[in-house]
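A.B. asks: To be precise about what I am sending: the file is called run_26.txt and holds compact mmCIF, C-alpha atoms.
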```txt
# COMPACT_ATOMS: atom_id res chain seq x y z
CA MET A 24 0.00 0.00 0.00
CA SER A 25 1.32 3.42 -0.80
CA GLY A 26 -0.06 6.87 -1.18
CA ARG A 27 -3.02 8.46 0.50
CA GLY A 28 -4.18 6.95 3.74
CA GLU A 29 -1.17 4.72 4.20
CA LEU A 30 0.12 6.54 7.29
CA ALA A 31 -3.21 6.15 9.10
CA VAL A 32 -3.31 2.44 8.28
CA LEU A 33 0.30 1.97 9.36
CA LEU A 34 -0.30 3.81 12.66
CA ALA A 35 -3.45 1.79 13.36
CA THR A 36 -1.70 -1.47 12.50
CA ALA A 37 1.33 -0.61 14.63
CA TYR A 38 -1.00 0.18 17.53
CA ARG A 39 -2.90 -3.11 17.11
CA VAL A 40 0.30 -5.18 16.86
CA THR A 41 1.74 -3.42 19.91
CA VAL A 42 -1.38 -3.83 22.06
CA ASP A 43 -1.71 -7.49 21.13
CA ASP A 44 1.95 -8.06 22.00
CA LEU A 45 1.54 -6.14 25.27
CA HIS A 46 -1.34 -8.41 26.29
CA ARG A 47 0.73 -11.50 25.51
CA HIS A 48 3.56 -10.06 27.61
CA LEU A 49 1.21 -9.29 30.51
CA ALA A 50 -0.14 -12.85 30.41
CA ASP A 51 3.43 -14.16 30.50
CA VAL A 52 4.23 -12.13 33.64
CA GLY A 53 1.12 -13.14 35.56
CA HIS A 54 -1.62 -10.85 34.28
CA PRO A 55 -3.70 -12.94 31.86
CA GLY A 56 -7.11 -12.00 30.53
CA LEU A 57 -6.77 -8.24 30.67
CA ARG A 58 -8.60 -6.10 28.13
CA PRO A 59 -7.90 -2.60 26.79
CA ALA A 60 -10.65 -1.20 29.06
CA HIS A 61 -8.63 -2.43 32.03
CA GLY A 62 -5.60 -0.56 30.75
CA PHE A 63 -7.51 2.73 30.47
CA ALA A 64 -8.77 2.22 34.03
CA PHE A 65 -5.26 1.39 35.31
CA TRP A 66 -3.81 4.46 33.63
CA TYR A 67 -6.44 6.71 35.23
CA LEU A 68 -6.18 5.12 38.67
CA SER A 69 -2.38 5.29 38.64
CA HIS A 70 -2.67 9.08 38.28
CA HIS A 71 -5.60 9.73 40.68
CA ASP A 72 -5.24 8.51 44.27
CA ASP A 73 -8.75 9.41 45.45
CA ALA A 74 -10.64 8.33 42.34
CA THR A 75 -14.16 6.98 42.63
CA SER A 76 -16.04 4.77 40.20
CA VAL A 77 -18.01 7.91 39.23
CA ASP A 78 -14.71 9.62 38.32
CA LEU A 79 -13.67 6.54 36.38
CA ALA A 80 -17.00 6.49 34.54
CA ALA A 81 -16.51 10.11 33.48
CA HIS A 82 -12.97 9.39 32.32
CA LEU A 83 -13.95 6.27 30.38
CA GLY A 84 -17.07 7.87 28.91
CA VAL A 85 -19.32 5.10 30.20
CA THR A 86 -22.26 4.95 32.58
CA LYS A 87 -21.75 4.79 36.32
CA GLN A 88 -23.15 1.25 36.21
CA ALA A 89 -20.63 0.17 33.57
CA ALA A 90 -17.76 1.66 35.58
CA ALA A 91 -19.04 -0.05 38.74
CA GLN A 92 -19.10 -3.39 36.87
CA LEU A 93 -15.54 -2.80 35.67
CA VAL A 94 -14.41 -1.95 39.21
CA ASP A 95 -16.19 -5.07 40.51
CA GLU A 96 -14.33 -7.17 37.94
CA LEU A 97 -10.96 -5.59 38.76
CA ASP A 98 -11.66 -6.04 42.47
CA ARG A 99 -12.46 -9.75 41.96
CA LEU A 100 -9.23 -10.12 39.99
CA GLY A 101 -7.25 -8.43 42.77
CA TYR A 102 -6.18 -5.33 40.85
CA VAL A 103 -8.10 -2.71 42.84
CA THR A 104 -9.47 -2.19 46.31
CA ARG A 105 -12.20 0.09 47.55
CA GLY A 106 -11.97 2.37 50.55
CA VAL A 107 -13.62 5.29 52.28
CA HIS A 108 -13.04 8.59 50.48
CA PRO A 109 -11.02 11.00 52.67
CA ARG A 110 -13.24 14.01 51.92
CA ASP A 111 -16.63 12.44 51.25
CA ARG A 112 -17.65 9.61 53.57
CA ARG A 113 -20.48 8.63 51.20
CA ALA A 114 -18.06 8.00 48.33
CA ARG A 115 -15.75 5.02 47.92
CA THR A 116 -12.24 5.35 46.54
CA VAL A 117 -10.90 2.91 43.99
CA ARG A 118 -7.16 2.31 44.29
CA LEU A 119 -4.72 -0.02 42.64
CA THR A 120 -3.49 -2.90 44.80
CA ALA A 121 0.09 -4.16 44.75
CA LYS A 122 -0.99 -6.48 41.92
CA GLY A 123 -2.46 -3.53 40.04
CA ARG A 124 0.69 -1.46 40.53
CA HIS A 125 2.79 -4.43 39.38
CA CYS A 126 0.73 -4.61 36.22
CA VAL A 127 1.23 -0.88 35.59
CA GLU A 128 4.98 -1.28 36.19
CA GLN A 129 5.06 -4.11 33.65
CA VAL A 130 3.29 -1.93 31.10
CA VAL A 131 5.70 0.96 31.69
CA ALA A 132 8.66 -1.41 31.28
CA TYR A 133 7.10 -2.86 28.13
CA TRP A 134 6.63 0.60 26.58
CA ALA A 135 10.26 1.49 27.42
CA ASP A 136 11.39 -1.72 25.71
CA ARG A 137 9.31 -0.88 22.62
CA GLU A 138 10.94 2.55 22.47
CA ARG A 139 14.39 0.96 22.66
CA ARG A 140 13.41 -1.37 19.82
CA TRP A 141 12.17 1.56 17.74
CA ALA A 142 15.42 3.43 18.42
CA LYS A 143 17.37 0.42 17.12
CA LEU A 144 15.08 0.17 14.10
CA VAL A 145 15.13 3.81 12.97
CA GLY A 146 17.91 5.36 15.05
CA PRO A 147 17.61 7.73 18.01
CA SER A 148 17.51 10.88 15.87
CA ASP A 149 14.70 9.65 13.66
CA LEU A 150 12.82 8.38 16.71
CA ARG A 151 13.04 11.89 18.21
CA THR A 152 11.69 13.27 14.93
CA VAL A 153 8.79 10.82 14.94
CA ARG A 154 8.03 11.53 18.62
CA ASN A 155 8.09 15.29 18.03
CA ALA A 156 5.89 14.97 14.96
CA LEU A 157 3.35 12.86 16.87
CA ARG A 158 3.38 15.35 19.76
CA ALA A 159 2.65 18.17 17.32
CA TYR A 160 -0.09 16.10 15.67
CA VAL A 161 -1.90 15.47 18.99
CA ALA A 162 -1.13 18.86 20.56
CA ASP A 163 -4.76 19.99 20.39
CA ALA A 164 -6.21 16.65 21.50
CA PRO A 165 -7.84 16.33 24.93
CA THR A 166 -5.27 15.56 27.60
CA GLY A 167 -4.97 12.16 29.15
CA LEU A 168 -5.28 8.72 27.70
CA LYS A 169 -8.98 8.16 27.13
CA PRO A 170 -10.84 5.56 25.14
CA ARG A 171 -13.07 6.58 22.28
CA TRP A 172 -15.63 3.81 22.23
```
Show the structure stored in the file as structure tokens.
C.D. replies:
Amino acid sequence: MSGRGELAVLLATAYRVTVDDLHRHLADVGHPGLRPAHGFAFWYLSHHDDATSVDLAAHLGVTKQAAAQLVDELDRLGYVTRGVHPRDRRARTVRLTAKGRHCVEQVVAYWADRERRWAKLVGPSDLRTVRNALRAYVADAPTGLKPRW
């Protein structure tokens, strides 16, 4: 394929290949059966200590009920725990457990390894160019890693 539209297809394919490989890696290091929705939740929870399932719902763009079901699933799997919110006794916090933090650490290490592989493939200078171009391309996008269902 060459010409118009090729870059979009290549970016989408690279993303799909990378996510599939990430999930195989996570299964190999003790985190089988995770889905992309779990990753978006982990990312959010790793950056928000006092998050609630309502906060998570807003971030994910899903109903409160869907977020509560996701939190229930992650709780059953041992990735999150619920607690009393420090400022609102009616609310419940959702926090990553040690298992959840381990999973996030594995993902961070995986991404770092992918960047090293890209640097070997195209060279550090070209990788900087690609990174800077992608930053410019997404500069006006909403901040934070959010799914677009």
A.B. asks: Need the neighbours of (1.3, -5.0, 41.5): which residues are at most 12 Å away, counting all atoms listed in the file, as a PyMOL selection string?
C.D. replies: chain A and resi 49+52-54+65+69+100-103+118-130
A.B. asks: Between stretch 33-62 of chain A and stretch 89-99 of chain A, at 12 Å or less, what are the per-residue closest atom pairs and their distances in Å? Count all atoms listed in the file, order by chain and rising residue number, and return it as JSON lines.
C.D. replies:
```
{"residue": "A:His54", "atom": "CA", "partner": "A:Leu97", "partner_atom": "CA", "distance": 11.6}
{"residue": "A:Gly56", "atom": "CA", "partner": "A:Leu97", "partner_atom": "CA", "distance": 11.1}
{"residue": "A:Leu57", "atom": "CA", "partner": "A:Leu97", "partner_atom": "CA", "distance": 9.5}
{"residue": "A:Arg58", "atom": "CA", "partner": "A:Leu93", "partner_atom": "CA", "distance": 10.8}
{"residue": "A:Pro59", "atom": "CA", "partner": "A:Leu93", "partner_atom": "CA", "distance": 11.7}
{"residue": "A:Ala60", "atom": "CA", "partner": "A:Leu93", "partner_atom": "CA", "distance": 8.4}
{"residue": "A:His61", "atom": "CA", "partner": "A:Leu97", "partner_atom": "CA", "distance": 7.8}
{"residue": "A:Gly62", "atom": "CA", "partner": "A:Leu97", "partner_atom": "CA", "distance": 10.9}
```
A.B. asks: Which residues of stretch 39-64 of chain A come within 12 Å of stretch 135-145 of chain A, and what is each one's closest atom pair and distance in Å (one decimal), counting only C-alpha atoms, sorted by chain and residue number, as CSV?
C.D. replies:
```
residue,atom,partner,partner_atom,distance
A:Val40,CA,A:Arg137,CA,11.5
A:Thr41,CA,A:Arg137,CA,8.4
A:Val42,CA,A:Arg137,CA,11.1
A:Asp44,CA,A:Arg137,CA,10.3
A:Leu45,CA,A:Arg137,CA,9.8
A:His48,CA,A:Asp136,CA,11.6
```
A.B. asks: Interatomic distance between atom CA of A:Phe63 and atom CA of A:Tyr160?
C.D. replies: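 Atom CA of A:Phe63 sits 21.3 Å away from atom CA of A:Tyr160.
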A.B. asks: Could you check how far atom CA of A:Leu79 sits from atom CA of A:Ala64, in Å to one decimal?
C.D. replies: 6.9 Å
A.B. asks: Quick one: pull the distance between atom CA of A:Asp73 and atom CA of A:Thr104, Å, one decimal.
C.D. replies: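 Computing the Euclidean distance for atom CA of A:Asp73 and atom CA of A:Thr104 yields 11.7 Å.
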A.B. asks: Closest to A:Tyr38 among A:Thr86, A:Thr116, A:Trp134, A:Val161, using all atoms listed in the file?
C.D. replies: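 Closest to A:Tyr38, using all atoms listed in the file: A:Trp134.
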A.B. asks: So, counting only C-alpha atoms, which residue among A:Arg112, A:Arg39, A:Arg154, A:Arg105 is closest to A:Leu68?
C.D. replies: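 Looking at the shortest contact to A:Leu68, the residue is A:Arg105.
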A.B. asks: For A:Lys87, work out the shell of residues within 10 Å, counting only C-alpha atoms and skipping chain neighbours fewer than 6 positions away, then give it as an MDAnalysis selection string.
C.D. replies: chainID A and resid 76:81 93
A.B. asks: So which one's closest to A:His70, A:Leu30, A:Val117, A:Val153, A:Ala50? Using all atoms listed in the file, please.
C.D. replies: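 Going through A:Leu30, A:Val117, A:Val153, A:Ala50 one by one, the smallest distance to A:His70 is for A:Val117.
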A.B. asks: Take stretch 87-101 of chain A, bring it up to N, CA and C atoms, and give me the output as a CSV table (one decimal), keeping the file's coordinate frame.
C.D. replies:
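Output saved as out35.csv:
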```csv
chain,number,residue,atom,x,y,z
A,87,LYS,N,-22.2,5.1,35.0
A,87,LYS,CA,-21.8,4.8,36.3
A,87,LYS,C,-21.9,3.3,36.6
A,88,GLN,N,-22.9,2.7,36.0
A,88,GLN,CA,-23.2,1.2,36.2
A,88,GLN,C,-22.0,0.5,35.5
A,89,ALA,N,-21.7,0.9,34.3
A,89,ALA,CA,-20.6,0.2,33.6
A,89,ALA,C,-19.3,0.3,34.3
A,90,ALA,N,-19.0,1.5,34.8
A,90,ALA,CA,-17.8,1.7,35.6
A,90,ALA,C,-17.8,0.8,36.8
A,91,ALA,N,-18.9,0.8,37.5
A,91,ALA,CA,-19.0,0.0,38.7
A,91,ALA,C,-18.8,-1.5,38.4
A,92,GLN,N,-19.3,-2.0,37.3
A,92,GLN,CA,-19.1,-3.4,36.9
A,92,GLN,C,-17.6,-3.6,36.6
A,93,LEU,N,-17.0,-2.7,35.9
A,93,LEU,CA,-15.5,-2.8,35.7
A,93,LEU,C,-14.7,-2.8,37.0
A,94,VAL,N,-15.1,-2.0,37.9
A,94,VAL,CA,-14.4,-2.0,39.2
A,94,VAL,C,-14.7,-3.3,39.9
A,95,ASP,N,-15.9,-3.8,39.9
A,95,ASP,CA,-16.2,-5.1,40.5
A,95,ASP,C,-15.3,-6.2,39.9
A,96,GLU,N,-15.2,-6.2,38.6
A,96,GLU,CA,-14.3,-7.2,37.9
A,96,GLU,C,-12.9,-7.0,38.4
A,97,LEU,N,-12.4,-5.8,38.4
A,97,LEU,CA,-11.0,-5.6,38.8
A,97,LEU,C,-10.7,-5.9,40.2
A,98,ASP,N,-11.7,-5.7,41.1
A,98,ASP,CA,-11.7,-6.0,42.5
A,98,ASP,C,-11.6,-7.6,42.6
A,99,ARG,N,-12.5,-8.3,41.9
A,99,ARG,CA,-12.5,-9.8,42.0
A,99,ARG,C,-11.1,-10.3,41.5
A,100,LEU,N,-10.5,-9.7,40.5
A,100,LEU,CA,-9.2,-10.1,40.0
A,100,LEU,C,-8.0,-9.7,40.8
A,101,GLY,N,-8.3,-8.8,41.9
A,101,GLY,CA,-7.2,-8.4,42.8
A,101,GLY,C,-6.4,-7.2,42.4
```
